[in-house]
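Structure file model_7.pdb (PDB, C-alpha atoms and all ligand atoms) is printed below.
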```pdb
ATOM      1  CA  MET A   1       0.000   0.000   0.000  1.00  0.00           C
ATOM      2  CA  LYS A   2       1.156   3.507  -0.788  1.00  0.00           C
ATOM      3  CA  LYS A   3      -0.002   6.990   0.058  1.00  0.00           C
ATOM      4  CA  CYS A   4      -0.662   9.249  -2.934  1.00  0.00           C
ATOM      5  CA  LEU A   5       1.757  12.154  -2.942  1.00  0.00           C
ATOM      6  CA  LEU A   6      -0.937  14.514  -4.217  1.00  0.00           C
ATOM      7  CA  CYS A   7      -4.215  13.640  -2.466  1.00  0.00           C
ATOM      8  CA  GLY A   8      -3.028  11.499   0.441  1.00  0.00           C
ATOM      9  CA  GLN A   9      -5.304   8.550  -0.458  1.00  0.00           C
ATOM     10  CA  VAL A  10      -3.928   5.103   0.216  1.00  0.00           C
ATOM     11  CA  PHE A  11      -3.707   3.011  -2.948  1.00  0.00           C
ATOM     12  CA  VAL A  12      -2.242  -0.212  -4.264  1.00  0.00           C
ATOM     13  CA  ALA A  13       0.748   0.536  -6.453  1.00  0.00           C
ATOM     14  CA  LYS A  14       0.844  -1.421  -9.674  1.00  0.00           C
ATOM     15  CA  VAL A  15       4.058  -2.975 -10.849  1.00  0.00           C
ATOM     16  CA  THR A  16       4.688  -0.395 -13.465  1.00  0.00           C
ATOM     17  CA  PHE A  17       7.135   0.667 -16.041  1.00  0.00           C
ATOM     18  CA  VAL A  18       8.502   2.938 -13.335  1.00  0.00           C
ATOM     19  CA  GLU A  19       9.714  -0.002 -11.251  1.00  0.00           C
ATOM     20  CA  LEU A  20      10.838  -2.081 -14.188  1.00  0.00           C
ATOM     21  CA  PHE A  21      12.909   0.530 -15.936  1.00  0.00           C
ATOM     22  CA  SER A  22      13.752   3.174 -13.404  1.00  0.00           C
ATOM     23  CA  TRP A  23      17.427   3.586 -12.615  1.00  0.00           C
ATOM     24  CA  ASN A  24      16.456   3.733  -9.025  1.00  0.00           C
ATOM     25  CA  LYS A  25      14.639   0.487  -8.254  1.00  0.00           C
ATOM     26  CA  GLN A  26      13.141   1.931  -5.083  1.00  0.00           C
ATOM     27  CA  GLU A  27      11.066   4.299  -7.179  1.00  0.00           C
ATOM     28  CA  ALA A  28       7.472   3.177  -7.384  1.00  0.00           C
ATOM     29  CA  GLN A  29       4.211   4.713  -8.444  1.00  0.00           C
ATOM     30  CA  CYS A  30       3.683   7.770  -6.241  1.00  0.00           C
ATOM     31  CA  ILE A  31       0.268   9.046  -7.311  1.00  0.00           C
ATOM     32  CA  CYS A  32      -3.093   7.271  -7.359  1.00  0.00           C
ATOM     33  CA  CYS A  33      -5.089   6.527 -10.528  1.00  0.00           C
ATOM     34  CA  ASN A  34      -7.580   9.241  -9.701  1.00  0.00           C
ATOM     35  CA  CYS A  35      -4.891  11.933  -9.571  1.00  0.00           C
ATOM     36  CA  GLN A  36      -3.184  10.510 -12.624  1.00  0.00           C
ATOM     37  CA  SER A  37      -6.425  10.766 -14.621  1.00  0.00           C
ATOM     38  CA  LYS A  38      -6.533  14.550 -14.135  1.00  0.00           C
ATOM     39  CA  TYR A  39      -3.561  14.984 -16.441  1.00  0.00           C
ATOM     40  CA  MET A  40      -4.864  14.799 -19.995  1.00  0.00           C
ATOM     41  CA  ARG A  41      -2.638  13.519 -22.724  1.00  0.00           C
ATOM     42  CA  ILE A  42      -2.323  15.599 -25.892  1.00  0.00           C
ATOM     43  CA  PRO A  43      -4.761  14.196 -28.480  1.00  0.00           C
ATOM     44  CA  ASP A  44      -3.397  12.237 -31.450  1.00  0.00           C
ATOM     45  CA  LYS A  45      -4.353  15.037 -33.782  1.00  0.00           C
ATOM     46  CA  HIS A  46      -1.783  17.682 -32.945  1.00  0.00           C
ATOM     47  CA  CYS A  47       0.729  19.930 -34.657  1.00  0.00           C
ATOM     48  CA  PRO A  48       3.328  17.634 -36.241  1.00  0.00           C
ATOM     49  CA  ILE A  49       6.131  20.030 -35.322  1.00  0.00           C
ATOM     50  CA  CYS A  50       5.494  20.952 -31.693  1.00  0.00           C
ATOM     51  CA  PHE A  51       2.470  18.934 -30.423  1.00  0.00           C
ATOM     52  CA  GLY A  52       0.427  22.154 -30.170  1.00  0.00           C
ATOM     53  CA  LYS A  53      -3.223  22.606 -31.040  1.00  0.00           C
ATOM     54  CA  LEU A  54      -3.830  22.398 -34.763  1.00  0.00           C
ATOM     55  CA  SER A  55      -5.435  25.337 -36.446  1.00  0.00           C
ATOM     56  CA  GLN A  56      -6.948  25.220 -39.946  1.00  0.00           C
ATOM     57  CA  ASP A  57      -3.462  24.946 -41.364  1.00  0.00           C
ATOM     58  CA  LYS A  58      -1.180  21.968 -41.206  1.00  0.00           C
ATOM     59  CA  PHE A  59       0.770  23.483 -38.296  1.00  0.00           C
ATOM     60  CA  CYS A  60      -0.336  25.271 -35.118  1.00  0.00           C
ATOM     61  CA  SER A  61      -0.432  29.072 -34.924  1.00  0.00           C
ATOM     62  CA  ASP A  62       2.890  29.215 -33.023  1.00  0.00           C
ATOM     63  CA  CYS A  63       4.735  27.158 -35.630  1.00  0.00           C
ATOM     64  CA  ILE A  64       3.304  29.316 -38.407  1.00  0.00           C
ATOM     65  CA  LYS A  65       4.890  32.314 -36.664  1.00  0.00           C
ATOM     66  CA  TRP A  66       8.180  30.486 -36.145  1.00  0.00           C
ATOM     67  CA  GLN A  67       8.196  29.500 -39.782  1.00  0.00           C
ATOM     68  CA  LYS A  68       8.345  33.177 -40.730  1.00  0.00           C
ATOM     69  CA  ILE A  69      11.533  33.534 -38.698  1.00  0.00           C
ATOM     70  CA  TYR A  70      13.161  30.142 -39.099  1.00  0.00           C
ATOM     71  CA  GLY A  71      11.831  28.903 -42.440  1.00  0.00           C
ATOM     72  CA  GLN A  72      12.525  25.174 -42.700  1.00  0.00           C
ATOM     73  CA  LYS A  73      14.539  25.124 -39.499  1.00  0.00           C
ATOM     74  CA  LEU A  74      11.631  24.552 -37.131  1.00  0.00           C
ATOM     75  CA  LEU A  75      12.292  22.870 -33.819  1.00  0.00           C
ATOM     76  CA  LYS A  76      10.754  19.403 -33.556  1.00  0.00           C
ATOM     77  CA  ASN A  77       9.243  19.110 -30.116  1.00  0.00           C
ATOM     78  CA  HIS A  78       7.522  16.259 -28.277  1.00  0.00           C
ATOM     79  CA  SER A  79       5.132  17.000 -25.421  1.00  0.00           C
ATOM     80  CA  ILE A  80       2.924  14.650 -23.428  1.00  0.00           C
ATOM     81  CA  TYR A  81       0.205  16.553 -21.572  1.00  0.00           C
ATOM     82  CA  LEU A  82      -2.194  19.399 -22.144  1.00  0.00           C
ATOM     83  CA  TYR A  83      -1.550  22.343 -19.867  1.00  0.00           C
ATOM     84  CA  ASN A  84      -4.907  22.071 -18.117  1.00  0.00           C
ATOM     85  CA  ARG A  85      -5.960  23.279 -14.670  1.00  0.00           C
ATOM     86  CA  ALA A  86      -4.552  20.205 -12.911  1.00  0.00           C
ATOM     87  CA  PHE A  87      -1.177  20.619 -14.567  1.00  0.00           C
ATOM     88  CA  HIS A  88      -1.166  24.324 -13.907  1.00  0.00           C
ATOM     89  CA  ASP A  89      -1.756  23.708 -10.192  1.00  0.00           C
ATOM     90  CA  LEU A  90       0.946  21.073 -10.083  1.00  0.00           C
ATOM     91  CA  MET A  91       3.467  23.394 -11.732  1.00  0.00           C
ATOM     92  CA  VAL A  92       2.541  26.334  -9.488  1.00  0.00           C
ATOM     93  CA  ASN A  93       3.185  24.218  -6.413  1.00  0.00           C
ATOM     94  CA  TYR A  94       6.404  22.863  -7.838  1.00  0.00           C
ATOM     95  CA  LYS A  95       7.854  26.060  -9.258  1.00  0.00           C
ATOM     96  CA  ARG A  96       6.291  29.011  -7.494  1.00  0.00           C
ATOM     97  CA  TYR A  97       6.039  27.448  -4.035  1.00  0.00           C
ATOM     98  CA  GLY A  98       9.136  25.312  -4.508  1.00  0.00           C
ATOM     99  CA  ASP A  99       7.613  21.971  -3.461  1.00  0.00           C
ATOM    100  CA  TYR A 100      10.588  19.817  -4.384  1.00  0.00           C
ATOM    101  CA  ALA A 101       8.819  16.506  -3.611  1.00  0.00           C
ATOM    102  CA  LEU A 102       6.639  17.023  -6.685  1.00  0.00           C
ATOM    103  CA  HIS A 103       9.588  16.281  -8.969  1.00  0.00           C
ATOM    104  CA  LYS A 104       8.731  12.628  -8.310  1.00  0.00           C
ATOM    105  CA  VAL A 105       5.214  13.123  -9.647  1.00  0.00           C
ATOM    106  CA  LEU A 106       6.557  14.821 -12.758  1.00  0.00           C
ATOM    107  CA  GLN A 107       9.076  12.026 -13.255  1.00  0.00           C
ATOM    108  CA  GLU A 108       6.342   9.458 -13.044  1.00  0.00           C
ATOM    109  CA  LEU A 109       4.280  11.370 -15.591  1.00  0.00           C
ATOM    110  CA  CYS A 110       7.035  11.487 -18.217  1.00  0.00           C
ATOM    111  CA  LEU A 111       9.159   8.408 -17.650  1.00  0.00           C
ATOM    112  CA  GLU A 112       7.462   6.119 -20.126  1.00  0.00           C
ATOM    113  CA  ASP A 113       7.459   8.651 -22.952  1.00  0.00           C
ATOM    114  CA  LEU A 114      11.001   9.821 -22.363  1.00  0.00           C
ATOM    115  CA  ALA A 115      12.296   6.248 -22.549  1.00  0.00           C
ATOM    116  CA  LYS A 116      11.263   6.190 -26.212  1.00  0.00           C
ATOM    117  CA  PHE A 117      13.696   8.987 -27.076  1.00  0.00           C
ATOM    118  CA  LYS A 118      17.248   7.983 -27.634  1.00  0.00           C
ATOM    119  CA  ALA A 119      19.714  10.854 -27.815  1.00  0.00           C
ATOM    120  CA  ASP A 120      23.465  11.170 -27.481  1.00  0.00           C
ATOM    121  CA  LEU A 121      23.066  14.132 -25.183  1.00  0.00           C
ATOM    122  CA  TYR A 122      20.198  15.182 -22.957  1.00  0.00           C
ATOM    123  CA  VAL A 123      20.520  18.901 -22.318  1.00  0.00           C
ATOM    124  CA  PRO A 124      18.320  20.507 -19.642  1.00  0.00           C
ATOM    125  CA  VAL A 125      17.083  24.055 -20.220  1.00  0.00           C
ATOM    126  CA  PRO A 126      18.667  25.885 -17.283  1.00  0.00           C
ATOM    127  CA  THR A 127      16.933  27.890 -14.593  1.00  0.00           C
ATOM    128  CA  SER A 128      18.012  31.513 -14.117  1.00  0.00           C
ATOM    129  CA  PRO A 129      20.621  32.056 -11.381  1.00  0.00           C
ATOM    130  CA  GLU A 130      18.064  34.103  -9.404  1.00  0.00           C
ATOM    131  CA  HIS A 131      15.495  31.309  -9.402  1.00  0.00           C
ATOM    132  CA  LEU A 132      18.073  28.724  -8.504  1.00  0.00           C
ATOM    133  CA  ALA A 133      19.054  30.787  -5.476  1.00  0.00           C
ATOM    134  CA  GLN A 134      15.407  31.290  -4.525  1.00  0.00           C
ATOM    135  CA  ARG A 135      14.282  27.648  -4.829  1.00  0.00           C
ATOM    136  CA  GLN A 136      17.531  25.905  -4.002  1.00  0.00           C
ATOM    137  CA  PHE A 137      16.918  23.372  -6.756  1.00  0.00           C
ATOM    138  CA  ASP A 138      16.866  23.344 -10.533  1.00  0.00           C
ATOM    139  CA  THR A 139      13.312  22.553 -11.585  1.00  0.00           C
ATOM    140  CA  VAL A 140      14.160  20.893 -14.898  1.00  0.00           C
ATOM    141  CA  SER A 141      17.224  18.912 -13.835  1.00  0.00           C
ATOM    142  CA  SER A 142      15.349  17.653 -10.785  1.00  0.00           C
ATOM    143  CA  ILE A 143      12.734  16.061 -13.012  1.00  0.00           C
ATOM    144  CA  TYR A 144      14.984  14.490 -15.616  1.00  0.00           C
ATOM    145  CA  GLY A 145      18.244  13.982 -13.740  1.00  0.00           C
ATOM    146  CA  SER A 146      17.503  10.503 -12.446  1.00  0.00           C
ATOM    147  CA  LEU A 147      15.824   9.335 -15.660  1.00  0.00           C
ATOM    148  CA  VAL A 148      18.576  10.113 -18.155  1.00  0.00           C
ATOM    149  CA  SER A 149      22.174  11.202 -17.925  1.00  0.00           C
ATOM    150  CA  LEU A 150      22.151  14.996 -18.272  1.00  0.00           C
ATOM    151  CA  THR A 151      24.780  17.149 -19.976  1.00  0.00           C
ATOM    152  CA  PRO A 152      24.214  20.663 -18.596  1.00  0.00           C
ATOM    153  CA  VAL A 153      26.007  22.451 -21.390  1.00  0.00           C
ATOM    154  CA  LEU A 154      23.706  25.485 -21.413  1.00  0.00           C
ATOM    155  CA  GLY A 155      23.929  28.400 -19.026  1.00  0.00           C
ATOM    156  CA  LYS A 156      21.471  31.230 -18.483  1.00  0.00           C
ATOM    157  CA  LYS A 157      22.424  34.863 -18.029  1.00  0.00           C
ATOM    158  CA  ALA A 158      21.336  36.557 -14.831  1.00  0.00           C
ATOM    159  CA  GLY A 159      19.038  39.550 -14.536  1.00  0.00           C
ATOM    160  CA  LEU A 160      16.637  38.915 -17.403  1.00  0.00           C
ATOM    161  CA  GLY A 161      13.462  37.976 -15.531  1.00  0.00           C
ATOM    162  CA  ALA A 162      11.511  34.733 -15.691  1.00  0.00           C
ATOM    163  CA  GLN A 163       9.474  33.714 -18.742  1.00  0.00           C
ATOM    164  CA  GLY A 164       6.736  32.505 -16.390  1.00  0.00           C
ATOM    165  CA  GLU A 165       6.092  36.031 -15.182  1.00  0.00           C
ATOM    166  CA  LYS A 166       5.658  37.509 -18.652  1.00  0.00           C
ATOM    167  CA  ASN A 167       2.601  37.646 -20.880  1.00  0.00           C
ATOM    168  CA  ARG A 168       2.601  36.064 -24.308  1.00  0.00           C
ATOM    169  CA  ALA A 169       3.797  39.123 -26.223  1.00  0.00           C
ATOM    170  CA  GLU A 170       6.566  39.816 -23.705  1.00  0.00           C
ATOM    171  CA  ARG A 171       7.689  36.202 -23.902  1.00  0.00           C
ATOM    172  CA  LEU A 172       7.964  36.327 -27.664  1.00  0.00           C
ATOM    173  CA  ARG A 173       9.954  39.563 -27.536  1.00  0.00           C
ATOM    174  CA  SER A 174      12.403  38.347 -24.903  1.00  0.00           C
ATOM    175  CA  ALA A 175      16.052  38.337 -25.884  1.00  0.00           C
ATOM    176  CA  GLN A 176      18.429  35.408 -26.102  1.00  0.00           C
ATOM    177  CA  SER A 177      19.543  34.555 -22.581  1.00  0.00           C
ATOM    178  CA  PHE A 178      21.286  31.207 -23.077  1.00  0.00           C
ATOM    179  CA  PHE A 179      24.917  30.513 -23.782  1.00  0.00           C
ATOM    180  CA  VAL A 180      27.013  27.384 -24.167  1.00  0.00           C
ATOM    181  CA  LYS A 181      29.394  27.019 -21.235  1.00  0.00           C
ATOM    182  CA  LYS A 182      32.982  27.352 -22.300  1.00  0.00           C
ATOM    183  CA  ASN A 183      34.342  24.433 -20.348  1.00  0.00           C
ATOM    184  CA  PHE A 184      32.508  21.887 -22.495  1.00  0.00           C
ATOM    185  CA  THR A 185      35.001  20.304 -24.821  1.00  0.00           C
ATOM    186  CA  ILE A 186      33.162  17.095 -25.728  1.00  0.00           C
ATOM    187  CA  ASN A 187      33.067  16.488 -29.435  1.00  0.00           C
ATOM    188  CA  PHE A 188      29.404  16.377 -30.240  1.00  0.00           C
ATOM    189  CA  GLN A 189      29.342  18.077 -33.579  1.00  0.00           C
ATOM    190  CA  LYS A 190      27.304  15.405 -35.276  1.00  0.00           C
ATOM    191  CA  CYS A 191      25.273  13.965 -32.471  1.00  0.00           C
ATOM    192  CA  LYS A 192      21.619  13.915 -31.535  1.00  0.00           C
ATOM    193  CA  ILE A 193      20.732  16.371 -28.782  1.00  0.00           C
ATOM    194  CA  LEU A 194      17.443  16.296 -26.904  1.00  0.00           C
ATOM    195  CA  LEU A 195      16.627  19.535 -25.098  1.00  0.00           C
ATOM    196  CA  LEU A 196      14.574  18.979 -21.956  1.00  0.00           C
ATOM    197  CA  ASP A 197      12.153  21.476 -20.423  1.00  0.00           C
ATOM    198  CA  ASP A 198       8.970  21.361 -18.367  1.00  0.00           C
ATOM    199  CA  ILE A 199       6.495  23.400 -20.436  1.00  0.00           C
ATOM    200  CA  TYR A 200       6.415  24.513 -24.068  1.00  0.00           C
ATOM    201  CA  THR A 201       4.402  27.748 -24.025  1.00  0.00           C
ATOM    202  CA  THR A 202       5.229  29.907 -27.034  1.00  0.00           C
ATOM    203  CA  GLY A 203       8.395  28.015 -27.929  1.00  0.00           C
ATOM    204  CA  ARG A 204      10.510  31.134 -27.345  1.00  0.00           C
ATOM    205  CA  THR A 205      12.633  29.550 -24.613  1.00  0.00           C
ATOM    206  CA  LEU A 206      13.287  26.350 -26.515  1.00  0.00           C
ATOM    207  CA  TYR A 207      14.102  28.139 -29.758  1.00  0.00           C
ATOM    208  CA  HIS A 208      16.599  30.301 -27.891  1.00  0.00           C
ATOM    209  CA  ALA A 209      18.133  27.226 -26.277  1.00  0.00           C
ATOM    210  CA  ARG A 210      18.305  25.497 -29.659  1.00  0.00           C
ATOM    211  CA  ASP A 211      19.850  28.570 -31.305  1.00  0.00           C
ATOM    212  CA  ALA A 212      22.551  28.843 -28.634  1.00  0.00           C
ATOM    213  CA  LEU A 213      23.484  25.189 -29.135  1.00  0.00           C
ATOM    214  CA  ALA A 214      23.274  25.325 -32.925  1.00  0.00           C
ATOM    215  CA  GLU A 215      25.668  28.241 -33.045  1.00  0.00           C
ATOM    216  CA  VAL A 216      28.390  26.261 -31.319  1.00  0.00           C
ATOM    217  CA  PHE A 217      27.430  22.826 -32.694  1.00  0.00           C
ATOM    218  CA  PRO A 218      26.085  23.522 -36.187  1.00  0.00           C
ATOM    219  CA  ASN A 219      25.967  19.854 -37.234  1.00  0.00           C
ATOM    220  CA  ALA A 220      24.116  18.510 -34.218  1.00  0.00           C
ATOM    221  CA  LYS A 221      20.552  17.289 -34.692  1.00  0.00           C
ATOM    222  CA  ILE A 222      18.555  19.105 -32.019  1.00  0.00           C
ATOM    223  CA  SER A 223      14.986  18.425 -30.906  1.00  0.00           C
ATOM    224  CA  SER A 224      13.098  18.987 -27.668  1.00  0.00           C
ATOM    225  CA  PHE A 225      10.938  17.216 -25.104  1.00  0.00           C
ATOM    226  CA  THR A 226       8.572  18.788 -22.569  1.00  0.00           C
ATOM    227  CA  LEU A 227       5.918  17.523 -20.187  1.00  0.00           C
ATOM    228  CA  CYS A 228       3.295  20.038 -21.317  1.00  0.00           C
ATOM    229  CA  ARG A 229       2.281  21.938 -24.375  1.00  0.00           C
TER     230      ARG A 229
HETATM  231 ZN    ZN A 301      -4.180  10.861  -5.480  1.00  0.00          ZN
HETATM  232 ZN    ZN A 302       3.283  23.693 -33.756  1.00  0.00          ZN
END
```

The structure given in the file should be rewritten as structure tokens.
Amino acid sequence: MKKCLLCGQVFVAKVTFVELFSWNKQEAQCICCNCQSKYMRIPDKHCPICFGKLSQDKFCSDCIKWQKIYGQKLLKNHSIYLYNRAFHDLMVNYKRYGDYALHKVLQELCLEDLAKFKADLYVPVPTSPEHLAQRQFDTVSSIYGSLVSLTPVLGKKAGLGAQGEKNRAERLRSAQSFFVKKNFTINFQKCKILLLDDIYTTGRTLYHARDALAEVFPNAKISSFTLCR
């Protein structure tokens, strides 16, 4: 018997993918089926580029905008869940109130999907230095760090404000804030890089992260993975 990390209900944990494939064998299901069912998976009919909501066109409205800037060089993104009320609440508690224990819930929600992506390098999108100091943990690395081996090659400049506190227009206008750390000397010119983040909102953050990497590693094949879209 286990106690659900979200609602406190006692439930019988199934022998899941989590236990079979987790690096840490102690990890077991940490939320009950009822809580799990509140997180809605993105429907099969979605934008083929970013998993966003399809408009009349063959892409979503965000990708149509990105196409005007990037042409054929759109970022292929995979997301799992819709950013509904339940996910919003979960992320607010995790990020705004710094409830570190929830990283386990987020791990459980993405583990199975992430296992399907094989990359040479898994690069987390970094938290700003201010947020790191405030929360005392990196929100993205805490989710993915025990699921895959992370290569934290990206850094984020200080003093630029958080994307989460901006409206849509401000997000889209925000300037490049990522850089590739100089002490990384691994030869990964031709490898497959999977960028990891929690939420894909407008795509601005992930495109900036991709651009920073592509500048230094022009031959790498870069795509992204997020929990929500
Ligand atoms: Zn529950
Ligand atoms: Zn799209």

Query raised in the report: Separation of CA of Ile193 in chain A and CA of Lys221 in chain A, in Å?
Result: 6.0 Å

List all protein, DNA and RNA residues that have at least one atom no more than 7 Å from any atom of ligand ZN 302 (chain A), counting only C-alpha atoms and all ligand atoms, and write them as a tab-separated table (two decimals) with C-alpha atoms, keeping the file's coordinate frame.
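Below is the file that was written, result06.tsv:
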```
chain	number	residue	atom	x	y	z
A	47	CYS	CA	0.73	19.93	-34.66
A	48	PRO	CA	3.33	17.63	-36.24
A	49	ILE	CA	6.13	20.03	-35.32
A	50	CYS	CA	5.49	20.95	-31.69
A	51	PHE	CA	2.47	18.93	-30.42
A	52	GLY	CA	0.43	22.15	-30.17
A	59	PHE	CA	0.77	23.48	-38.30
A	60	CYS	CA	-0.34	25.27	-35.12
A	61	SER	CA	-0.43	29.07	-34.92
A	62	ASP	CA	2.89	29.22	-33.02
A	63	CYS	CA	4.74	27.16	-35.63
```

Requested in this report: Step by step, measure atom-to-atom distances between ligand ZN 301 (chain A) and each residue using all atoms listed in the file, keep those at most 7 Å, then write them as a ChimeraX atom specification.
Outcome: /A:4-9,31-35

Query raised in the report: For Arg173 in chain A, which residue out of A:His103, A:Lys68, A:Arg204, A:Lys116 is the nearest one, using all atoms listed in the file?
Result: A:Arg204

Requested in this report: Rank A:Leu82, A:Ile143, A:Met1, A:Ala13 by their smallest atom-to-atom distance to Asp44 in chain A, using all atoms listed in the file, and report the top residue only.
Outcome: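 Closest to Asp44 in chain A, using all atoms listed in the file: A:Leu82.
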
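The closest residue to Ser79 in chain A, picked from A:Phe117, A:Tyr207, A:Tyr200, A:Tyr122 and counting all atoms listed in the file, is A:Tyr200.
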
Report task. Translate the PyMOL selection byres (((chain A and resi 210) around 9) and not hetatm), as applied to the file shown, into an explicit residue set as a list of chain:residue names. Result ->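 Selected by the PyMOL selection byres (((chain A and resi 210) around 9) and not hetatm) here: A:Leu75, A:Leu195, A:Thr205, A:Leu206, A:Tyr207, A:His208, A:Ala209, A:Asp211, A:Ala212, A:Leu213, A:Ala214, A:Glu215, A:Ile222, A:Ser223, A:Ser224.
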
Query raised in the report: So which one's closest to Cys191 in chain A, A:Ala158, A:Val140, A:Asp120, A:Ala101? Using all atoms listed in the file, please.
Result: A:Asp120

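Residue membership of the PyMOL selection byres (((chain A and resi 88) around 12) and not hetatm) in the shown file amounts to A:Lys38, A:Tyr39, A:Met40, A:Tyr81, A:Leu82, A:Tyr83, A:Asn84, A:Arg85, A:Ala86, A:Phe87, A:Asp89, A:Leu90, A:Met91, A:Val92, A:Asn93, A:Tyr94, A:Lys95, A:Arg96, A:Gly164, A:Asp198, A:Ile199, A:Leu227, A:Cys228, A:Arg229.
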
Query raised in the report: Hey, what comes out of the PyMOL selection byres (((chain A and resi 179) around 7) and not hetatm) on this file? Could you write it as a ChimeraX atom specification?
Result: /A:154-156,177-178,180-181,212

Dump C-alpha atoms for the selected residues as a PDB file, keeping the file's coordinate frame?
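Wrote part31.pdb, looks like this:
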```
ATOM      1  CA  LEU A 154      23.706  25.485 -21.413  1.00  0.00           C
ATOM      2  CA  GLY A 155      23.929  28.400 -19.026  1.00  0.00           C
ATOM      3  CA  LYS A 156      21.471  31.230 -18.483  1.00  0.00           C
ATOM      4  CA  SER A 177      19.543  34.555 -22.581  1.00  0.00           C
ATOM      5  CA  PHE A 178      21.286  31.207 -23.077  1.00  0.00           C
ATOM      6  CA  VAL A 180      27.013  27.384 -24.167  1.00  0.00           C
ATOM      7  CA  LYS A 181      29.394  27.019 -21.235  1.00  0.00           C
ATOM      8  CA  ALA A 212      22.551  28.843 -28.634  1.00  0.00           C
TER       9      ALA A 212
END
```

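Considering only C-alpha atoms, the residue among A:His78, A:Pro218, A:Tyr144, A:Ala119 positioned nearest to Ile42 in chain A is A:His78.
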
**Report entry** CA of Thr202 in chain A to CA of Ser174 in chain A, straight-line distance in Å
**Finding:**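 Answer for the CA of Ser174 in chain A to CA of Thr202 in chain A separation: 11.3 Å.
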
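Distance-wise, CA of Ala175 in chain A and CA of Leu121 in chain A end up 25.2 Å apart.
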
Requested in this report: For each of A:Ser55, A:Cys30, A:Pro43, A:Asn183, take the minimum atom-to-atom distance to Glu108 in chain A, counting all atoms listed in the file, then give the residue where this is smallest.
Outcome: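 Closest to Glu108 in chain A, using all atoms listed in the file: A:Cys30.
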